[in-house]
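Shown next: entry-v4.cif, given as mmCIF, N, CA and C atoms.
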data_work
#
loop_
_atom_site.label_atom_id
_atom_site.label_comp_id
_atom_site.auth_asym_id
_atom_site.auth_seq_id
_atom_site.Cartn_x
_atom_site.Cartn_y
_atom_site.Cartn_z
N MET A 1 95.97 -20.61 80.85
CA MET A 1 95.47 -19.33 80.42
C MET A 1 94.13 -19.07 81.10
N GLU A 2 94.01 -17.91 81.68
CA GLU A 2 92.77 -17.53 82.35
C GLU A 2 91.71 -17.21 81.31
N THR A 3 90.52 -17.76 81.48
CA THR A 3 89.44 -17.45 80.55
C THR A 3 88.47 -16.50 81.21
N ASN A 4 87.96 -15.61 80.41
CA ASN A 4 86.99 -14.63 80.89
C ASN A 4 85.60 -15.07 80.47
N PRO A 5 84.61 -14.83 81.30
CA PRO A 5 83.24 -15.19 80.91
C PRO A 5 82.77 -14.27 79.79
N PRO A 6 81.80 -14.73 79.00
CA PRO A 6 81.25 -13.85 77.97
C PRO A 6 80.70 -12.58 78.60
N ILE A 7 80.83 -11.47 77.89
CA ILE A 7 80.30 -10.21 78.39
C ILE A 7 79.22 -9.72 77.43
N ALA A 8 78.30 -8.97 77.94
CA ALA A 8 77.27 -8.38 77.09
C ALA A 8 77.41 -6.87 77.16
N LEU A 9 77.53 -6.26 76.00
CA LEU A 9 77.64 -4.81 75.92
C LEU A 9 76.38 -4.25 75.29
N GLY A 10 75.30 -4.27 76.02
CA GLY A 10 74.04 -3.76 75.50
C GLY A 10 73.46 -4.66 74.41
N SER A 11 73.83 -5.91 74.43
CA SER A 11 73.38 -6.85 73.41
C SER A 11 72.70 -8.03 74.08
N ALA A 12 71.72 -8.59 73.40
CA ALA A 12 71.05 -9.78 73.92
C ALA A 12 71.94 -11.01 73.74
N THR A 13 72.93 -10.92 72.84
CA THR A 13 73.83 -12.04 72.57
C THR A 13 75.16 -11.78 73.24
N PRO A 14 75.63 -12.70 74.08
CA PRO A 14 76.92 -12.49 74.76
C PRO A 14 78.09 -12.48 73.78
N LEU A 15 79.09 -11.69 74.14
CA LEU A 15 80.32 -11.66 73.38
C LEU A 15 81.29 -12.67 73.96
N GLN A 16 82.05 -13.32 73.09
CA GLN A 16 83.08 -14.24 73.54
C GLN A 16 84.37 -13.45 73.71
N THR A 17 85.03 -13.61 74.86
CA THR A 17 86.24 -12.83 75.11
C THR A 17 87.51 -13.67 75.15
N ASP A 18 87.41 -14.97 75.28
CA ASP A 18 88.62 -15.80 75.21
C ASP A 18 88.63 -16.45 73.83
N THR A 19 89.35 -15.86 72.91
CA THR A 19 89.30 -16.27 71.52
C THR A 19 90.69 -16.35 70.92
N ALA A 20 90.84 -17.26 69.99
CA ALA A 20 92.09 -17.40 69.24
C ALA A 20 91.99 -16.68 67.89
N ALA A 21 90.87 -16.01 67.68
CA ALA A 21 90.66 -15.32 66.40
C ALA A 21 91.57 -14.11 66.28
N MET A 22 91.91 -13.81 65.03
CA MET A 22 92.68 -12.60 64.75
C MET A 22 92.27 -12.05 63.39
N VAL A 23 92.54 -10.77 63.21
CA VAL A 23 92.32 -10.10 61.93
C VAL A 23 93.70 -9.72 61.40
N VAL A 24 93.94 -10.05 60.13
CA VAL A 24 95.23 -9.74 59.51
C VAL A 24 94.97 -8.74 58.39
N LEU A 25 95.76 -7.66 58.37
CA LEU A 25 95.65 -6.61 57.37
C LEU A 25 96.75 -6.80 56.32
N VAL A 26 96.36 -6.82 55.03
CA VAL A 26 97.32 -6.98 53.95
C VAL A 26 96.89 -6.09 52.78
N PRO A 27 97.57 -4.97 52.55
CA PRO A 27 97.26 -4.17 51.37
C PRO A 27 97.95 -4.75 50.12
N THR A 28 97.30 -4.58 48.97
CA THR A 28 97.84 -5.04 47.70
C THR A 28 97.81 -3.90 46.69
N GLY A 29 98.48 -4.08 45.57
CA GLY A 29 98.57 -3.03 44.57
C GLY A 29 97.41 -2.96 43.61
N SER A 30 96.57 -3.99 43.56
CA SER A 30 95.44 -3.98 42.63
C SER A 30 94.29 -4.83 43.17
N ASP A 31 93.12 -4.56 42.63
CA ASP A 31 91.94 -5.34 42.99
C ASP A 31 92.11 -6.79 42.57
N THR A 32 92.73 -7.00 41.40
CA THR A 32 92.96 -8.36 40.90
C THR A 32 93.88 -9.13 41.83
N GLU A 33 94.96 -8.50 42.28
CA GLU A 33 95.88 -9.16 43.20
C GLU A 33 95.18 -9.47 44.52
N ALA A 34 94.40 -8.53 45.02
CA ALA A 34 93.67 -8.75 46.27
C ALA A 34 92.71 -9.93 46.13
N SER A 35 92.00 -10.00 45.02
CA SER A 35 91.07 -11.11 44.79
C SER A 35 91.80 -12.45 44.69
N THR A 36 92.94 -12.45 44.02
CA THR A 36 93.74 -13.68 43.88
C THR A 36 94.22 -14.16 45.24
N LEU A 37 94.75 -13.24 46.04
CA LEU A 37 95.22 -13.61 47.38
C LEU A 37 94.06 -14.09 48.25
N ALA A 38 92.96 -13.36 48.23
CA ALA A 38 91.79 -13.72 49.04
C ALA A 38 91.33 -15.13 48.71
N ARG A 39 91.19 -15.40 47.44
CA ARG A 39 90.70 -16.72 47.01
C ARG A 39 91.67 -17.82 47.42
N ALA A 40 92.97 -17.60 47.25
CA ALA A 40 93.97 -18.61 47.62
C ALA A 40 93.92 -18.90 49.11
N LEU A 41 93.79 -17.87 49.92
CA LEU A 41 93.76 -18.05 51.38
C LEU A 41 92.49 -18.76 51.84
N VAL A 42 91.35 -18.41 51.25
CA VAL A 42 90.09 -19.05 51.61
C VAL A 42 90.09 -20.51 51.13
N GLU A 43 90.55 -20.76 49.91
CA GLU A 43 90.58 -22.13 49.39
C GLU A 43 91.48 -23.03 50.23
N ARG A 44 92.58 -22.49 50.74
CA ARG A 44 93.50 -23.26 51.58
C ARG A 44 93.01 -23.35 53.03
N ARG A 45 91.88 -22.72 53.33
CA ARG A 45 91.30 -22.68 54.68
C ARG A 45 92.26 -22.04 55.69
N LEU A 46 93.08 -21.11 55.20
CA LEU A 46 93.94 -20.33 56.10
C LEU A 46 93.17 -19.16 56.69
N VAL A 47 92.10 -18.76 56.03
CA VAL A 47 91.21 -17.72 56.54
C VAL A 47 89.77 -18.16 56.33
N ALA A 48 88.89 -17.69 57.18
CA ALA A 48 87.46 -17.98 57.02
C ALA A 48 86.82 -16.97 56.09
N CYS A 49 87.36 -15.76 56.08
CA CYS A 49 86.76 -14.67 55.33
C CYS A 49 87.85 -13.68 54.93
N ALA A 50 87.73 -13.16 53.73
CA ALA A 50 88.63 -12.11 53.26
C ALA A 50 87.77 -10.99 52.67
N GLN A 51 87.90 -9.81 53.22
CA GLN A 51 87.18 -8.66 52.69
C GLN A 51 88.19 -7.76 51.97
N ILE A 52 87.75 -7.16 50.87
CA ILE A 52 88.62 -6.31 50.05
C ILE A 52 88.03 -4.91 50.01
N MET A 53 88.87 -3.92 50.35
CA MET A 53 88.42 -2.53 50.35
C MET A 53 89.45 -1.65 49.64
N PRO A 54 89.01 -0.75 48.76
CA PRO A 54 89.96 0.21 48.20
C PRO A 54 90.34 1.23 49.28
N ILE A 55 91.62 1.55 49.34
CA ILE A 55 92.12 2.53 50.31
C ILE A 55 93.09 3.48 49.62
N ARG A 56 93.35 4.58 50.24
CA ARG A 56 94.35 5.54 49.75
C ARG A 56 95.50 5.49 50.75
N SER A 57 96.71 5.18 50.27
CA SER A 57 97.87 5.06 51.15
C SER A 57 98.90 6.14 50.85
N CYS A 58 99.56 6.58 51.90
CA CYS A 58 100.67 7.52 51.80
C CYS A 58 101.79 6.95 52.65
N TYR A 59 102.96 6.72 52.05
CA TYR A 59 104.06 6.09 52.76
C TYR A 59 105.39 6.47 52.15
N CYS A 60 106.45 6.19 52.87
CA CYS A 60 107.80 6.46 52.39
C CYS A 60 108.40 5.16 51.87
N TRP A 61 108.90 5.19 50.62
CA TRP A 61 109.52 4.02 50.01
C TRP A 61 110.72 4.48 49.18
N HIS A 62 111.89 3.94 49.49
CA HIS A 62 113.14 4.33 48.81
C HIS A 62 113.33 5.85 48.84
N ASP A 63 113.16 6.41 50.03
CA ASP A 63 113.34 7.85 50.28
C ASP A 63 112.39 8.75 49.48
N GLN A 64 111.29 8.22 49.03
CA GLN A 64 110.28 8.99 48.31
C GLN A 64 108.94 8.86 49.03
N VAL A 65 108.20 9.96 49.09
CA VAL A 65 106.84 9.89 49.62
C VAL A 65 105.93 9.46 48.47
N VAL A 66 105.20 8.39 48.70
CA VAL A 66 104.34 7.80 47.67
C VAL A 66 102.89 7.87 48.14
N GLU A 67 102.00 8.27 47.25
CA GLU A 67 100.57 8.23 47.51
C GLU A 67 99.92 7.44 46.39
N GLU A 68 99.15 6.43 46.76
CA GLU A 68 98.51 5.62 45.73
C GLU A 68 97.31 4.87 46.28
N THR A 69 96.49 4.39 45.36
CA THR A 69 95.37 3.54 45.74
C THR A 69 95.88 2.12 45.92
N GLU A 70 95.45 1.50 47.01
CA GLU A 70 95.75 0.10 47.26
C GLU A 70 94.42 -0.58 47.59
N TYR A 71 94.49 -1.89 47.71
CA TYR A 71 93.31 -2.68 48.05
C TYR A 71 93.64 -3.49 49.30
N LEU A 72 92.94 -3.16 50.38
CA LEU A 72 93.22 -3.75 51.69
C LEU A 72 92.42 -5.02 51.90
N LEU A 73 93.13 -6.09 52.22
CA LEU A 73 92.49 -7.34 52.63
C LEU A 73 92.34 -7.32 54.14
N LEU A 74 91.14 -7.58 54.62
CA LEU A 74 90.88 -7.83 56.04
C LEU A 74 90.61 -9.32 56.14
N LEU A 75 91.53 -10.03 56.77
CA LEU A 75 91.49 -11.49 56.81
C LEU A 75 91.13 -11.97 58.20
N LYS A 76 90.16 -12.87 58.30
CA LYS A 76 89.75 -13.43 59.60
C LYS A 76 90.30 -14.84 59.70
N THR A 77 91.09 -15.10 60.75
CA THR A 77 91.74 -16.39 60.91
C THR A 77 91.93 -16.71 62.38
N ARG A 78 92.73 -17.72 62.66
CA ARG A 78 93.10 -18.10 64.02
C ARG A 78 94.59 -17.91 64.19
N ARG A 79 95.00 -17.62 65.41
CA ARG A 79 96.42 -17.42 65.71
C ARG A 79 97.29 -18.58 65.28
N ASP A 80 96.80 -19.81 65.45
CA ASP A 80 97.62 -20.98 65.13
C ASP A 80 97.85 -21.15 63.63
N ARG A 81 97.19 -20.37 62.79
CA ARG A 81 97.39 -20.46 61.35
C ARG A 81 98.18 -19.28 60.79
N TYR A 82 98.59 -18.35 61.67
CA TYR A 82 99.26 -17.14 61.19
C TYR A 82 100.52 -17.43 60.38
N ALA A 83 101.39 -18.30 60.85
CA ALA A 83 102.66 -18.56 60.15
C ALA A 83 102.41 -19.06 58.73
N GLU A 84 101.43 -19.96 58.57
CA GLU A 84 101.12 -20.47 57.23
C GLU A 84 100.49 -19.38 56.36
N LEU A 85 99.64 -18.56 56.97
CA LEU A 85 99.03 -17.45 56.24
C LEU A 85 100.13 -16.50 55.75
N GLU A 86 101.05 -16.14 56.64
CA GLU A 86 102.15 -15.23 56.27
C GLU A 86 102.99 -15.82 55.14
N ALA A 87 103.31 -17.09 55.22
CA ALA A 87 104.12 -17.73 54.17
C ALA A 87 103.39 -17.71 52.83
N CYS A 88 102.09 -17.97 52.84
CA CYS A 88 101.30 -17.96 51.62
C CYS A 88 101.24 -16.55 51.02
N VAL A 89 100.95 -15.56 51.85
CA VAL A 89 100.88 -14.18 51.37
C VAL A 89 102.23 -13.75 50.80
N THR A 90 103.30 -14.05 51.51
CA THR A 90 104.64 -13.66 51.06
C THR A 90 104.98 -14.29 49.71
N SER A 91 104.58 -15.54 49.52
CA SER A 91 104.91 -16.22 48.26
C SER A 91 104.10 -15.71 47.08
N LEU A 92 102.89 -15.19 47.33
CA LEU A 92 102.02 -14.75 46.24
C LEU A 92 101.99 -13.24 46.02
N HIS A 93 102.45 -12.47 46.99
CA HIS A 93 102.31 -11.01 46.95
C HIS A 93 103.33 -10.39 46.01
N SER A 94 102.93 -9.33 45.32
CA SER A 94 103.82 -8.66 44.36
C SER A 94 104.81 -7.69 45.00
N TYR A 95 104.55 -7.25 46.23
CA TYR A 95 105.44 -6.27 46.87
C TYR A 95 106.72 -6.95 47.37
N ASP A 96 107.84 -6.20 47.33
CA ASP A 96 109.10 -6.69 47.90
C ASP A 96 108.96 -6.92 49.40
N VAL A 97 108.28 -5.98 50.05
CA VAL A 97 108.05 -6.06 51.50
C VAL A 97 106.56 -5.84 51.75
N PRO A 98 105.77 -6.90 51.67
CA PRO A 98 104.33 -6.71 51.89
C PRO A 98 104.03 -6.39 53.36
N GLU A 99 103.06 -5.53 53.55
CA GLU A 99 102.58 -5.26 54.90
C GLU A 99 101.68 -6.41 55.32
N ILE A 100 102.04 -7.07 56.40
CA ILE A 100 101.22 -8.13 56.97
C ILE A 100 101.17 -7.86 58.46
N ILE A 101 100.04 -7.33 58.93
CA ILE A 101 99.87 -6.92 60.32
C ILE A 101 98.75 -7.74 60.94
N ALA A 102 99.04 -8.43 62.03
CA ALA A 102 98.03 -9.25 62.71
C ALA A 102 97.56 -8.56 63.99
N LEU A 103 96.25 -8.52 64.17
CA LEU A 103 95.64 -7.91 65.35
C LEU A 103 94.79 -8.95 66.07
N PRO A 104 94.94 -9.07 67.38
CA PRO A 104 94.10 -10.02 68.11
C PRO A 104 92.66 -9.54 68.18
N VAL A 105 91.73 -10.47 68.18
CA VAL A 105 90.32 -10.16 68.41
C VAL A 105 90.11 -10.26 69.91
N MET A 106 89.77 -9.15 70.54
CA MET A 106 89.61 -9.12 71.99
C MET A 106 88.25 -9.66 72.43
N ALA A 107 87.24 -9.47 71.59
CA ALA A 107 85.90 -9.96 71.89
C ALA A 107 85.12 -9.96 70.59
N GLY A 108 84.08 -10.78 70.54
CA GLY A 108 83.23 -10.82 69.36
C GLY A 108 82.03 -11.71 69.58
N LEU A 109 81.12 -11.66 68.65
CA LEU A 109 79.93 -12.48 68.71
C LEU A 109 80.36 -13.95 68.71
N ALA A 110 79.96 -14.68 69.73
CA ALA A 110 80.41 -16.07 69.91
C ALA A 110 80.12 -16.93 68.68
N SER A 111 78.96 -16.80 68.09
CA SER A 111 78.63 -17.64 66.93
C SER A 111 79.52 -17.31 65.74
N TYR A 112 79.90 -16.05 65.55
CA TYR A 112 80.80 -15.67 64.45
C TYR A 112 82.21 -16.22 64.71
N LEU A 113 82.68 -16.07 65.93
CA LEU A 113 84.01 -16.58 66.26
C LEU A 113 84.06 -18.10 66.15
N ASN A 114 82.98 -18.77 66.51
CA ASN A 114 82.91 -20.22 66.33
C ASN A 114 82.97 -20.59 64.85
N TRP A 115 82.30 -19.80 64.01
CA TRP A 115 82.34 -20.04 62.57
C TRP A 115 83.76 -19.92 62.04
N ILE A 116 84.50 -18.90 62.48
CA ILE A 116 85.91 -18.77 62.07
C ILE A 116 86.67 -20.02 62.47
N ASP A 117 86.50 -20.42 63.72
CA ASP A 117 87.22 -21.58 64.24
C ASP A 117 86.90 -22.84 63.44
N GLU A 118 85.65 -23.05 63.10
CA GLU A 118 85.23 -24.24 62.36
C GLU A 118 85.67 -24.20 60.90
N THR A 119 85.72 -23.01 60.33
CA THR A 119 86.03 -22.86 58.91
C THR A 119 87.53 -22.97 58.63
N VAL A 120 88.32 -22.40 59.52
CA VAL A 120 89.78 -22.43 59.35
C VAL A 120 90.27 -23.78 59.85
N GLN A 121 90.76 -24.58 58.94
CA GLN A 121 91.19 -25.92 59.29
C GLN A 121 92.48 -25.88 60.10
N SER A 122 92.67 -26.90 60.90
CA SER A 122 93.93 -27.04 61.65
C SER A 122 95.06 -27.35 60.70
N SER A 123 96.27 -27.00 61.12
CA SER A 123 97.43 -27.32 60.31
C SER A 123 97.58 -28.82 60.21
N PRO A 124 98.22 -29.34 59.15
CA PRO A 124 98.34 -30.80 58.97
C PRO A 124 98.95 -31.50 60.17
N ALA A 125 99.84 -30.85 60.89
CA ALA A 125 100.47 -31.47 62.07
C ALA A 125 99.45 -31.74 63.17
N GLU A 126 98.36 -30.98 63.22
CA GLU A 126 97.35 -31.13 64.26
C GLU A 126 96.24 -32.10 63.86
N SER A 127 96.15 -32.43 62.59
CA SER A 127 95.07 -33.29 62.12
C SER A 127 95.27 -34.74 62.51
#

Could you spell out this file's structure in structure tokens?
Amino acid sequence: METNPPIALGSATPLQTDTAAMVVLVPTGSDTEASTLARALVERRLVACAQIMPIRSCYCWHDQVVEETEYLLLLKTRRDRYAELEACVTSLHSYDVPEIIALPVMAGLASYLNWIDETVQSSPAES
């Protein structure tokens, strides 16, 4: 894999561009459910950080347009932990079909990305 040198975008601190970090989006039906999922994922070291935000969603479900408040989890993790993260979310989530969308981190503050890497433990097979 080709690695790119850190780039600086008007910052004194270089950005890291070759990263295994990712952000995973998971909406939930309640603040309590979001907090429960966040805590479970952080305790299992599947994510370094989970942020919870109230959002307003509009979507089609069973041929009906639904509008409701949900609570969006923004999860910071590594690509190599995605499968375990997905399995954990699926087992704990109340929705029949939970939204679990993973986005690659293209660049970020090197010290923050290092913190994610250090905080998210390797899978047992890698230990």

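When you apply the PyMOL selection byres ((chain A and resi 117) around 8) to this structure, what comes back is Ala20, Ala21, Ala48, Lys76, Thr77, Arg78, Ser111, Tyr112, Leu113, Asn114, Trp115, Ile116, Glu118, Thr119, Val120, Gln121 and Ser122 of chain A.
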
Store the residues of this selection in a file with N, CA and C atoms, as a compact mmCIF listing (two decimals), in the coordinates of the input.
# COMPACT_ATOMS: atom_id res chain seq x y z
N ALA A 20 90.84 -17.26 69.99
CA ALA A 20 92.09 -17.40 69.24
C ALA A 20 91.99 -16.68 67.89
N ALA A 21 90.87 -16.01 67.68
CA ALA A 21 90.66 -15.32 66.40
C ALA A 21 91.57 -14.11 66.28
N ALA A 48 88.89 -17.69 57.18
CA ALA A 48 87.46 -17.98 57.02
C ALA A 48 86.82 -16.97 56.09
N LYS A 76 90.16 -12.87 58.30
CA LYS A 76 89.75 -13.43 59.60
C LYS A 76 90.30 -14.84 59.70
N THR A 77 91.09 -15.10 60.75
CA THR A 77 91.74 -16.39 60.91
C THR A 77 91.93 -16.71 62.38
N ARG A 78 92.73 -17.72 62.66
CA ARG A 78 93.10 -18.10 64.02
C ARG A 78 94.59 -17.91 64.19
N SER A 111 78.96 -16.80 68.09
CA SER A 111 78.63 -17.64 66.93
C SER A 111 79.52 -17.31 65.74
N TYR A 112 79.90 -16.05 65.55
CA TYR A 112 80.80 -15.67 64.45
C TYR A 112 82.21 -16.22 64.71
N LEU A 113 82.68 -16.07 65.93
CA LEU A 113 84.01 -16.58 66.26
C LEU A 113 84.06 -18.10 66.15
N ASN A 114 82.98 -18.77 66.51
CA ASN A 114 82.91 -20.22 66.33
C ASN A 114 82.97 -20.59 64.85
N TRP A 115 82.30 -19.80 64.01
CA TRP A 115 82.34 -20.04 62.57
C TRP A 115 83.76 -19.92 62.04
N ILE A 116 84.50 -18.90 62.48
CA ILE A 116 85.91 -18.77 62.07
C ILE A 116 86.67 -20.02 62.47
N GLU A 118 85.65 -23.05 63.10
CA GLU A 118 85.23 -24.24 62.36
C GLU A 118 85.67 -24.20 60.90
N THR A 119 85.72 -23.01 60.33
CA THR A 119 86.03 -22.86 58.91
C THR A 119 87.53 -22.97 58.63
N VAL A 120 88.32 -22.40 59.52
CA VAL A 120 89.78 -22.43 59.35
C VAL A 120 90.27 -23.78 59.85
N GLN A 121 90.76 -24.58 58.94
CA GLN A 121 91.19 -25.92 59.29
C GLN A 121 92.48 -25.88 60.10
N SER A 122 92.67 -26.90 60.90
CA SER A 122 93.93 -27.04 61.65
C SER A 122 95.06 -27.35 60.70

Could you pull out all residues of chain A with a DSSP call of helix (DSSP H, G or I) and give them as a count of residues only? 40

Determine, counting only C-alpha atoms, every residue of protein, DNA or RNA that lies within 9 Å of (88.1, -7.2, 46.8) in the file coordinates, then give the result as a ChimeraX atom specification. /A:31-35,38,50-54,71-73

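Atom CA of A:Met106 sits 26.1 Å away from atom CA of A:Arg39.
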
Of the listed residues A:Leu109, A:Leu37, A:Leu74, A:Cys49, that which approaches A:Leu92 most closely, counting only N, CA and C atoms: A:Leu37

Restricting the calculation to all atoms listed in the file, which member of A:Val24, A:Gln16, A:Gly29, A:Ala40 is positioned closest to A:Ser94? A:Gly29

Using only C-alpha atoms, which residue out of A:Leu15, A:Met22, A:Cys60, A:Val42 lies closest to A:Ala107? A:Leu15

From the DSSP assignment of the backbone, select every residue of chain A that is strand (DSSP E or B), and format the answer as a ChimeraX atom specification. /A:7,15-16,21-28,49-61,64-78,101-104,108-109

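Going from atom CA of A:Cys88 to atom C of A:Asp63 covers 29.0 Å.
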
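The two atoms in question, atom CA of A:Asp96 and atom CA of A:Val26, are spaced 13.2 Å apart.
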
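With distances restricted to only C-alpha atoms, A:Thr69 is the closest residue to A:Arg56 from A:Ile100, A:Arg44, A:Pro27, A:Thr69.
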
Select, from A:Arg79, A:Arg45, A:His62, A:Val97, the residue with the minimum atom-to-atom distance to A:Thr19, counting only C-alpha atoms. A:Arg79
